[in-house]
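Asker: The following file, my_file22.cif, comprises mmCIF, C-alpha atoms:
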data_target
loop_
_atom_site.group_PDB
_atom_site.id
_atom_site.type_symbol
_atom_site.label_atom_id
_atom_site.label_comp_id
_atom_site.auth_asym_id
_atom_site.auth_seq_id
_atom_site.Cartn_x
_atom_site.Cartn_y
_atom_site.Cartn_z
ATOM 1 C CA MET C 25 241.811 149.833 65.367
ATOM 2 C CA GLU C 26 243.035 149.550 68.980
ATOM 3 C CA ILE C 27 240.362 148.711 71.525
ATOM 4 C CA GLU C 28 240.571 148.482 75.317
ATOM 5 C CA LEU C 29 238.116 146.076 76.951
ATOM 6 C CA LYS C 30 237.307 145.332 80.580
ATOM 7 C CA THR C 31 236.168 141.956 81.864
ATOM 8 C CA PRO C 32 233.589 140.620 82.310
ATOM 9 C CA LEU C 33 232.996 141.044 78.586
ATOM 10 C CA ASP C 34 229.554 141.373 77.047
ATOM 11 C CA ASP C 35 227.978 140.994 73.607
ATOM 12 C CA LYS C 36 229.828 144.120 72.441
ATOM 13 C CA VAL C 37 232.726 141.817 71.549
ATOM 14 C CA ALA C 38 230.531 140.891 68.563
ATOM 15 C CA ASP C 39 231.487 144.304 67.143
ATOM 16 C CA LEU C 40 235.158 143.299 66.962
ATOM 17 C CA LYS C 41 236.519 142.451 63.507
ATOM 18 C CA ILE C 42 239.518 140.414 62.473
ATOM 19 C CA GLY C 43 242.636 142.543 62.559
ATOM 20 C CA ASP C 44 241.477 144.722 65.461
ATOM 21 C CA VAL C 45 244.082 145.104 68.202
ATOM 22 C CA VAL C 46 242.726 144.511 71.704
ATOM 23 C CA TYR C 47 244.017 145.185 75.204
ATOM 24 C CA LEU C 48 242.220 143.545 78.145
ATOM 25 C CA SER C 49 241.919 144.737 81.730
ATOM 26 C CA GLY C 50 240.243 142.910 84.608
ATOM 27 C CA THR C 51 240.154 139.201 85.378
ATOM 28 C CA LEU C 52 241.823 136.726 83.034
ATOM 29 C CA TYR C 53 241.856 132.944 83.498
ATOM 30 C CA THR C 54 244.448 130.517 82.186
ATOM 31 C CA ALA C 55 243.391 127.068 81.053
ATOM 32 C CA ARG C 56 245.050 124.463 78.872
ATOM 33 C CA ASP C 57 243.649 121.135 77.692
ATOM 34 C CA ARG C 58 243.608 119.341 81.050
ATOM 35 C CA ALA C 59 241.852 122.270 82.748
ATOM 36 C CA HIS C 60 239.378 122.513 79.854
ATOM 37 C CA ASN C 61 238.586 118.837 80.256
ATOM 38 C CA ARG C 62 238.030 119.284 83.994
ATOM 39 C CA ILE C 63 235.811 122.337 83.426
ATOM 40 C CA ILE C 64 233.587 120.169 81.231
ATOM 41 C CA GLU C 65 233.638 117.129 83.521
ATOM 42 C CA ASP C 66 233.337 118.857 86.914
ATOM 43 C CA GLY C 67 232.110 122.368 86.101
ATOM 44 C CA SER C 68 234.074 125.569 86.349
ATOM 45 C CA PRO C 69 235.272 126.781 89.751
ATOM 46 C CA TYR C 70 234.694 130.323 88.448
ATOM 47 C CA ASN C 71 231.730 132.053 86.845
ATOM 48 C CA LEU C 72 232.676 132.055 83.166
ATOM 49 C CA GLU C 73 229.935 134.439 82.029
ATOM 50 C CA GLY C 74 231.798 137.147 80.096
ATOM 51 C CA ALA C 75 235.168 135.570 80.870
ATOM 52 C CA ALA C 76 238.397 135.667 78.900
ATOM 53 C CA ILE C 77 240.437 132.453 78.934
ATOM 54 C CA PHE C 78 244.119 132.469 78.007
ATOM 55 C CA HIS C 79 245.566 129.242 76.611
ATOM 56 C CA ALA C 80 248.747 129.508 78.627
ATOM 57 C CA GLY C 81 250.825 127.631 81.139
ATOM 58 C CA PRO C 82 252.439 130.336 83.250
ATOM 59 C CA ILE C 83 255.889 129.908 84.674
ATOM 60 C CA ILE C 84 255.451 130.584 88.358
ATOM 61 C CA GLN C 85 257.996 130.372 91.146
ATOM 62 C CA MET C 86 256.304 128.631 94.064
ATOM 63 C CA ASN C 87 257.428 127.935 97.611
ATOM 64 C CA ASP C 88 255.344 124.756 98.007
ATOM 65 C CA ASN C 89 252.128 123.239 96.633
ATOM 66 C CA SER C 90 249.621 125.462 98.442
ATOM 67 C CA ARG C 91 247.712 128.272 96.748
ATOM 68 C CA ASP C 92 249.064 130.761 99.293
ATOM 69 C CA SER C 93 252.638 130.091 98.289
ATOM 70 C CA VAL C 94 252.757 131.821 94.920
ATOM 71 C CA ALA C 95 255.993 133.723 95.072
ATOM 72 C CA LYS C 96 256.352 135.235 91.619
ATOM 73 C CA LEU C 97 254.923 135.047 88.125
ATOM 74 C CA ILE C 98 257.991 134.727 85.896
ATOM 75 C CA ALA C 99 256.537 134.494 82.370
ATOM 76 C CA ILE C 100 253.256 133.813 80.592
ATOM 77 C CA GLY C 101 252.994 133.108 76.896
ATOM 78 C CA PRO C 102 250.397 131.515 74.644
ATOM 79 C CA THR C 103 250.031 127.769 74.136
ATOM 80 C CA THR C 104 249.003 126.369 70.760
ATOM 81 C CA SER C 105 245.219 126.597 70.810
ATOM 82 C CA THR C 106 244.458 123.641 68.534
ATOM 83 C CA ARG C 107 245.010 121.425 71.605
ATOM 84 C CA MET C 108 241.784 122.844 73.041
ATOM 85 C CA ASN C 109 239.634 122.196 69.937
ATOM 86 C CA PRO C 110 237.899 119.119 71.438
ATOM 87 C CA PHE C 111 236.785 121.149 74.485
ATOM 88 C CA GLU C 112 236.394 124.751 73.368
ATOM 89 C CA PRO C 113 232.820 124.745 71.999
ATOM 90 C CA LYS C 114 231.441 123.450 75.324
ATOM 91 C CA VAL C 115 233.540 125.945 77.299
ATOM 92 C CA LEU C 116 232.367 128.802 75.073
ATOM 93 C CA ASP C 117 228.780 127.680 75.674
ATOM 94 C CA MET C 118 229.395 128.365 79.392
ATOM 95 C CA GLY C 119 229.498 132.102 78.647
ATOM 96 C CA VAL C 120 233.151 132.711 77.744
ATOM 97 C CA LYS C 121 233.451 135.737 75.432
ATOM 98 C CA ALA C 122 237.161 135.676 74.527
ATOM 99 C CA ILE C 123 239.659 132.912 73.957
ATOM 100 C CA ILE C 124 243.313 133.931 73.780
ATOM 101 C CA GLY C 125 246.004 131.727 72.291
ATOM 102 C CA LYS C 126 248.050 131.116 69.196
ATOM 103 C CA GLY C 127 247.590 129.273 65.942
ATOM 104 C CA GLY C 128 243.828 129.514 65.482
ATOM 105 C CA MET C 129 241.124 126.940 66.062
ATOM 106 C CA ASP C 130 238.854 124.624 64.058
ATOM 107 C CA ASP C 131 235.416 125.067 62.460
ATOM 108 C CA TYR C 132 233.596 123.627 65.503
ATOM 109 C CA THR C 133 235.097 126.372 67.627
ATOM 110 C CA LYS C 134 234.356 128.921 64.890
ATOM 111 C CA ARG C 135 230.677 127.971 65.020
ATOM 112 C CA ALA C 136 230.734 128.235 68.842
ATOM 113 C CA LEU C 137 232.283 131.709 68.573
ATOM 114 C CA ILE C 138 229.461 132.766 66.248
ATOM 115 C CA ARG C 139 226.769 131.166 68.428
ATOM 116 C CA ASN C 140 228.102 132.832 71.589
ATOM 117 C CA LYS C 141 229.089 136.195 70.065
ATOM 118 C CA ALA C 142 232.661 135.566 71.166
ATOM 119 C CA VAL C 143 236.135 136.029 69.663
ATOM 120 C CA PHE C 144 239.500 134.308 69.392
ATOM 121 C CA LEU C 145 242.347 136.692 70.169
ATOM 122 C CA ALA C 146 245.818 135.821 68.933
ATOM 123 C CA ALA C 147 248.632 136.402 71.389
ATOM 124 C CA VAL C 148 252.116 136.766 69.987
ATOM 125 C CA GLY C 149 254.368 133.792 70.674
ATOM 126 C CA GLY C 150 257.690 134.790 72.194
ATOM 127 C CA CYS C 151 256.209 137.697 74.161
ATOM 128 C CA ALA C 152 255.935 135.910 77.517
ATOM 129 C CA ALA C 153 258.136 138.498 79.231
ATOM 130 C CA LEU C 154 256.074 141.353 77.751
ATOM 131 C CA TYR C 155 252.743 139.827 78.766
ATOM 132 C CA VAL C 156 253.909 139.158 82.328
ATOM 133 C CA ASN C 157 254.336 142.911 82.803
ATOM 134 C CA CYS C 158 250.567 143.295 82.294
ATOM 135 C CA ILE C 159 249.765 141.000 85.239
ATOM 136 C CA GLN C 160 248.890 143.035 88.313
ATOM 137 C CA GLU C 161 248.100 140.157 90.663
ATOM 138 C CA VAL C 162 247.789 136.396 90.881
ATOM 139 C CA LYS C 163 244.376 136.215 92.566
ATOM 140 C CA ASP C 164 243.778 132.480 92.800
ATOM 141 C CA VAL C 165 244.676 129.051 91.496
ATOM 142 C CA VAL C 166 242.706 125.814 91.342
ATOM 143 C CA TRP C 167 243.608 122.289 90.287
ATOM 144 C CA LEU C 168 247.286 122.354 91.181
ATOM 145 C CA ASP C 169 247.019 118.566 91.130
ATOM 146 C CA LEU C 170 247.219 118.938 87.333
ATOM 147 C CA GLY C 171 250.610 120.656 87.667
ATOM 148 C CA VAL C 172 251.482 124.352 87.684
ATOM 149 C CA PRO C 173 251.188 124.901 83.894
ATOM 150 C CA GLU C 174 247.919 122.936 83.654
ATOM 151 C CA ALA C 175 246.258 124.463 86.726
ATOM 152 C CA MET C 176 243.650 127.161 86.225
ATOM 153 C CA TRP C 177 245.009 130.539 87.301
ATOM 154 C CA GLN C 178 242.924 133.640 88.013
ATOM 155 C CA LEU C 179 244.904 136.751 87.160
ATOM 156 C CA GLU C 180 244.195 140.455 87.432
ATOM 157 C CA VAL C 181 245.518 142.202 84.305
ATOM 158 C CA GLU C 182 245.913 145.778 83.112
ATOM 159 C CA LYS C 183 246.116 146.525 79.370
ATOM 160 C CA PHE C 184 246.997 142.895 78.633
ATOM 161 C CA GLY C 185 248.143 142.762 75.041
ATOM 162 C CA PRO C 186 248.564 143.494 72.266
ATOM 163 C CA LEU C 187 246.109 140.818 71.138
ATOM 164 C CA ILE C 188 244.827 140.553 67.574
ATOM 165 C CA VAL C 189 241.281 139.506 66.731
ATOM 166 C CA ALA C 190 242.015 136.420 64.635
ATOM 167 C CA MET C 191 238.516 134.869 64.615
ATOM 168 C CA ASP C 192 235.467 137.062 65.079
ATOM 169 C CA SER C 193 231.840 136.337 65.875
ATOM 170 C CA ASN C 194 230.851 136.781 62.222
ATOM 171 C CA GLY C 195 232.852 133.730 61.179
ATOM 172 C CA ASP C 196 235.780 135.642 59.728
ATOM 173 C CA ASN C 197 239.129 133.987 60.323
ATOM 174 C CA LEU C 198 242.416 135.835 59.877
ATOM 175 C CA TYR C 199 244.216 132.495 59.474
ATOM 176 C CA ALA C 200 241.973 131.570 56.511
ATOM 177 C CA LYS C 201 242.321 134.925 54.702
ATOM 178 C CA LYS C 202 244.069 134.930 51.345
ATOM 179 C CA ILE C 203 246.840 137.455 51.116
ATOM 180 C CA GLU C 204 246.684 139.291 47.818
#
Could you render the structure from this file as structure tokens?
Answerer:
Amino acid sequence: MEIELKTPLDDKVADLKIGDVVYLSGTLYTARDRAHNRIIEDGSPYNLEGAAIFHAGPIIQMNDNSRDSVAKLIAIGPTTSTRMNPFEPKVLDMGVKAIIGKGGMDDYTKRALIRNKAVFLAAVGGCAALYVNCIQEVKDVVWLDLGVPEAMWQLEVEKFGPLIVAMDSNGDNLYAKKIE
């Protein structure tokens, strides 16, 4: 089933099942391990209630190191999500409803998805040029001191996807399914 969702997301994401194909519109945040760590240590610079976080380090052409200098988003593809396992349960507990990445996540994150009625959406590796076409605007960036890929980017997206529900809020995990 193909489903279009708009952020901020609500508890309706609990209705999603593994294998569903999702397209997101609205605000999307990028965060990799260093940004996740900072979110936990210092708090999020954004309200994460109903948020979707993309495990990605965008390739962005910049003129200098100021937030007003973003010239062009070149590509944005998923980062391996297992890097975020140590941080993800606490970030999900802040109200995040969708995590986007590749490769799945551990049982601690699975329990946090269940507890928070959230989902893990698999993005297809190698589709960075496709996904960049879904970005309407780079709205903001924080923590450039971490480096461009590790900074937290706020993006406005339209029909961002396709994304596949790989871990749902019922504890089902597409990566753990036996193929018969």
Asker: Can you pull out the residues contacting Leu179 (chain C)? Cut-off 6 Å, using only C-alpha atoms, and skip same-chain residues under 6 positions away; I want them as a list in words.
Answerer: Thr51, Leu52, Glu161, Val162 and Lys163 of chain C
Asker: For Ala122 (chain C), which residue among C:Ile63, C:Val148, C:Ala175, C:Ile77 is the nearest when counting all atoms listed in the file?
Answerer: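 Checking each candidate against Ala122 (chain C), we get C:Ile77 as the closest.
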Asker: Considering only C-alpha atoms, state which residue in the set C:Val143, C:Gly150, C:Gly128, C:Lys41 is at the smallest distance from Ala99 (chain C).
Answerer: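 With only C-alpha atoms as the atom set, the closest residue is C:Gly150.
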Asker: Please return as a VMD selection string every residue within 8 Å of (254.5, 125.6, 88.0), taking into account all atoms listed in the file and the file's own coordinates.
Answerer: chain C and resid 82 to 86 171 to 173
Asker: So that I have them on file, write out the residues from the current selection with C-alpha atoms, as a tab-separated table (two decimals), in the coordinates of the input.
Answerer:
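The file below, selection.tsv, is the result:
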chain	number	residue	atom	x	y	z
C	82	PRO	CA	252.44	130.34	83.25
C	83	ILE	CA	255.89	129.91	84.67
C	84	ILE	CA	255.45	130.58	88.36
C	85	GLN	CA	258.00	130.37	91.15
C	86	MET	CA	256.30	128.63	94.06
C	171	GLY	CA	250.61	120.66	87.67
C	172	VAL	CA	251.48	124.35	87.68
C	173	PRO	CA	251.19	124.90	83.89
Asker: Around region 48-55 of chain C, with edges along x, y and z and 6 Å added on all six sides, what centre and edge lengths do you get, in Å to one decimal, as lines of an AutoDock Vina configuration file?
Answerer:
center_x = 242.3
center_y = 135.9
center_z = 81.8
size_x = 16.3
size_y = 29.7
size_z = 19.2
